[in-house]
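The next block is entry38.txt, given as compact mmCIF, C-alpha atoms.
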```txt
# COMPACT_ATOMS: atom_id res chain seq x y z
CA MET N 1 40.95 -1.31 6.06
CA GLN N 2 41.84 -1.56 9.75
CA ASN N 3 39.60 1.45 10.40
CA LYS N 4 36.55 -0.34 8.97
CA SER N 5 37.27 -3.44 11.03
CA SER N 6 37.50 -1.25 14.14
CA ILE N 7 34.11 0.26 13.34
CA VAL N 8 32.55 -3.18 12.83
CA PHE N 9 34.17 -4.43 16.06
CA ALA N 10 32.87 -1.40 17.95
CA ILE N 11 29.33 -1.86 16.63
CA LEU N 12 29.39 -5.55 17.57
CA LEU N 13 30.56 -4.68 21.10
CA ILE N 14 27.78 -2.12 21.49
CA ILE N 15 25.12 -4.53 20.22
CA LEU N 16 26.39 -7.39 22.39
CA GLY N 17 26.61 -5.17 25.46
CA ALA N 18 23.10 -3.78 24.90
CA PHE N 19 21.67 -7.28 24.43
CA LEU N 20 23.38 -8.59 27.57
CA LEU N 21 22.25 -5.55 29.55
CA ILE N 22 18.66 -6.08 28.46
CA THR N 23 18.80 -9.77 29.42
CA ARG N 24 20.21 -8.80 32.82
CA LEU N 25 17.59 -6.14 33.48
CA VAL N 26 14.65 -8.11 32.11
CA PRO N 27 15.30 -11.84 32.25
CA LEU N 28 11.95 -12.61 30.64
CA ASP N 29 11.17 -14.13 27.28
CA PHE N 30 11.88 -11.67 24.49
CA ASN N 31 9.07 -10.65 22.19
CA PHE N 32 10.76 -9.38 19.04
CA PHE N 33 7.44 -8.64 17.35
CA SER N 34 6.06 -6.25 19.94
CA GLY N 35 5.39 -2.66 18.97
CA SER N 36 8.03 -1.31 21.34
CA PHE N 37 10.73 -3.60 19.93
CA VAL N 38 9.81 -2.46 16.42
CA VAL N 39 10.32 1.15 17.56
CA LEU N 40 13.72 0.19 18.98
CA ALA N 41 14.66 -1.61 15.75
CA VAL N 42 13.65 1.36 13.58
CA GLY N 43 15.91 3.60 15.66
CA ALA N 44 18.75 1.10 15.36
CA ILE N 45 18.32 1.09 11.58
CA PHE N 46 18.62 4.88 11.56
CA LEU N 47 21.81 4.65 13.61
CA LEU N 48 23.29 1.94 11.44
CA ALA N 49 22.47 3.96 8.31
CA ALA N 50 24.11 7.02 9.90
CA VAL N 51 27.32 5.09 10.56
CA LEU N 52 27.45 3.33 7.20
CA THR N 53 26.63 6.41 5.09
CA ARG N 54 28.45 8.89 7.34
CA ASN N 55 25.29 11.00 7.31
CA GLY N 56 25.27 12.45 10.80
CA GLY N 57 21.78 13.84 10.38
CA LEU N 58 20.34 10.33 10.75
CA ALA N 59 21.99 9.85 14.14
CA ILE N 60 19.77 12.30 16.01
CA PRO N 61 16.39 10.73 15.19
CA GLY N 62 17.99 7.29 15.43
CA SER N 63 19.17 7.97 18.98
CA ILE N 64 15.83 9.37 20.06
CA ILE N 65 13.72 6.64 18.45
CA SER N 66 15.88 3.74 19.63
CA GLY N 67 16.18 5.20 23.12
CA ILE N 68 12.44 5.62 23.55
CA GLY N 69 11.91 2.18 22.01
CA GLY N 70 14.34 0.74 24.55
CA ILE N 71 12.48 2.35 27.43
CA LEU N 72 9.12 1.12 26.13
CA TYR N 73 10.49 -2.38 25.50
CA TYR N 74 11.88 -2.56 29.03
CA GLN N 75 8.55 -1.42 30.45
CA GLU N 76 6.60 -3.87 28.32
CA LEU N 77 8.71 -6.85 29.38
CA SER N 78 9.01 -5.97 33.04
CA ARG N 79 5.51 -4.49 33.46
CA ASP N 80 7.28 -1.69 35.34
CA TRP N 81 5.08 1.10 33.98
CA SER N 82 5.79 3.30 36.98
CA SER N 83 9.42 3.60 35.83
CA TRP N 84 8.23 6.25 33.39
CA SER N 85 8.23 8.61 36.40
CA PHE N 86 12.01 8.83 36.02
CA THR N 87 12.99 7.23 32.69
CA TRP N 88 11.57 10.18 30.74
CA THR N 89 14.64 12.11 31.92
CA LEU N 90 16.76 9.98 29.56
CA ILE N 91 15.20 11.57 26.46
CA PRO N 92 17.39 14.73 26.51
CA GLY N 93 20.36 12.36 26.82
CA PHE N 94 19.21 10.52 23.70
CA VAL N 95 19.16 13.86 21.89
CA GLY N 96 22.65 14.62 23.23
CA VAL N 97 24.01 11.27 22.05
CA GLY N 98 22.48 11.94 18.64
CA ILE N 99 24.12 15.36 18.49
CA LEU N 100 27.49 13.90 19.48
CA LEU N 101 27.22 11.15 16.86
CA SER N 102 26.01 13.60 14.24
CA GLY N 103 29.08 15.76 14.70
CA LEU N 104 31.46 12.82 14.70
CA LEU N 105 29.88 11.23 11.62
CA SER N 106 29.95 14.38 9.52
CA ARG N 107 31.50 13.64 6.11
CA ASP N 108 32.93 17.09 5.58
CA HIS N 109 34.66 17.75 8.86
CA PRO N 110 34.02 15.53 11.89
CA ARG N 111 33.76 17.56 15.05
CA PHE N 112 32.97 17.13 18.72
CA GLU N 113 29.73 18.87 19.66
CA SER N 114 30.01 19.83 23.32
CA GLY N 115 26.31 20.74 23.43
CA GLY N 116 25.48 17.06 23.11
CA LEU N 117 27.66 16.27 26.10
CA VAL N 118 25.85 18.93 28.14
CA LEU N 119 22.50 17.32 27.30
CA VAL N 120 23.80 13.88 28.30
CA ALA N 121 25.05 15.28 31.63
CA ILE N 122 21.74 17.04 32.33
CA SER N 123 19.87 13.86 31.47
CA ALA N 124 22.07 11.74 33.76
CA ILE N 125 21.61 14.14 36.66
CA GLY N 126 17.84 14.23 36.10
CA PHE N 127 17.72 10.44 35.92
CA LEU N 128 19.58 10.08 39.22
CA VAL N 129 17.51 12.78 40.97
CA PHE N 130 14.10 11.57 39.75
CA GLY N 131 15.12 7.92 39.98
CA GLY N 132 16.21 8.41 43.56
CA ALA N 133 12.98 10.20 44.39
CA PHE N 134 10.74 7.63 42.70
CA GLY N 135 12.34 4.37 43.77
CA LEU N 136 15.12 3.46 41.36
CA GLY N 137 16.71 0.41 42.95
CA TRP N 138 20.14 -0.44 41.51
CA GLU N 139 22.03 -3.64 41.93
CA VAL N 140 25.39 -2.80 40.38
CA SER N 141 26.25 -6.34 39.38
CA GLN N 142 23.46 -6.31 36.79
CA TYR N 143 25.03 -3.43 34.86
CA TRP N 144 28.40 -4.92 33.86
CA PRO N 145 27.32 -5.04 30.16
CA LEU N 146 27.50 -1.23 30.25
CA LEU N 147 31.27 -1.73 30.21
CA LEU N 148 31.03 -3.49 26.83
CA ILE N 149 28.85 -0.70 25.49
CA ALA N 150 31.27 1.97 26.75
CA VAL N 151 34.29 0.21 25.24
CA GLY N 152 32.41 -0.18 21.95
CA VAL N 153 31.51 3.52 21.90
CA ILE N 154 35.11 4.53 22.64
CA VAL N 155 36.48 2.27 19.88
CA LEU N 156 33.84 3.58 17.45
CA ILE N 157 34.59 7.22 18.20
CA SER N 158 38.34 6.74 17.93
CA ALA N 159 37.93 4.86 14.63
CA LEU N 160 35.72 7.62 13.23
CA ILE N 161 38.03 10.42 14.35
CA GLN N 162 41.10 8.66 12.83
CA ARG N 163 39.19 8.43 9.56
CA LYS N 164 39.66 12.17 8.96
```

Could the structure of this file be written out as structure tokens, please?
Amino acid sequence: MQNKSSIVFAILLIILGAFLLITRLVPLDFNFFSGSFVVLAVGAIFLLAAVLTRNGGLAIPGSIISGIGGILYYQELSRDWSSWSFTWTLIPGFVGVGILLSGLLSRDHPRFESGGLVLVAISAIGFLVFGGAFGLGWEVSQYWPLLLIAVGVIVLISALIQRK
């Protein structure tokens, strides 16, 4: 029972951190009925279904769809269309996160897929290189909600691994 409460707590931390990060990055009025937000929500539904059913196969498309939806939603709200010149590099990272989650959520034998971690690292390096070349301006104080997301992911992974 404690394991399920840890999973719920982790998911709530991730959702809260993501929401706070979005409000920090784009302090505009939210439009929950825009096409890009619908894409993000569909991806989130895939991810939630993957966690609740322990069907890791749903995590890969969920990560990709919600990640691209998040990029599009950010661009729609901020009107920062030129950010696509470097945000596209996050897509391999979305695939990597999906692969990691897929392995960890496997019903039969949860496992850590190092290939997913490689994709996330390549994506992060590409994001920093292309972002630096094309004008990514970072004010670190805006990104503190990433800490909530990271803690939520760590709690979720530890809860899923203990479930074995």

Exercise for review: Within 12 Å of Ala124 (chain N), counting only C-alpha atoms, which residues show up once you throw out same-chain ones fewer than 4 positions away? Write them as a list in words, please.
Suggested key: Phe86, Thr87, Trp88, Thr89, Leu90, Ile91, Pro92, Gly93, Phe94, Gly96, Val97, Leu117, Val118, Leu119, Val120, Leu128, Val129, Phe130, Gly131 and Gly132 of chain N

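Closest approach to Ser102 (chain N) among N:Gly126, N:Gly57, N:Gly67, N:Gly43 is made by N:Gly57 (distances from only C-alpha atoms).
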
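Going from CA of Arg54 (chain N) to CA of Ala10 (chain N) covers 15.4 Å.
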
Review point. Contacts of Leu104 (chain N) at 10 Å or less, counting all atoms listed in the file, minus same-chain residues fewer than 6 places along, as a list of chain:residue names?
Key: N:Val51, N:Arg54, N:Asn55, N:Gly56, N:Ala59, N:Gly98, N:Pro110, N:Arg111, N:Phe112, N:Glu113, N:Leu156, N:Ile157, N:Ser158, N:Leu160, N:Ile161

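Across N:Gly35, N:Gly115, N:Gly103, N:Pro61, the tightest approach to Glu76 (chain N) is made by N:Gly35 when counting all atoms listed in the file.
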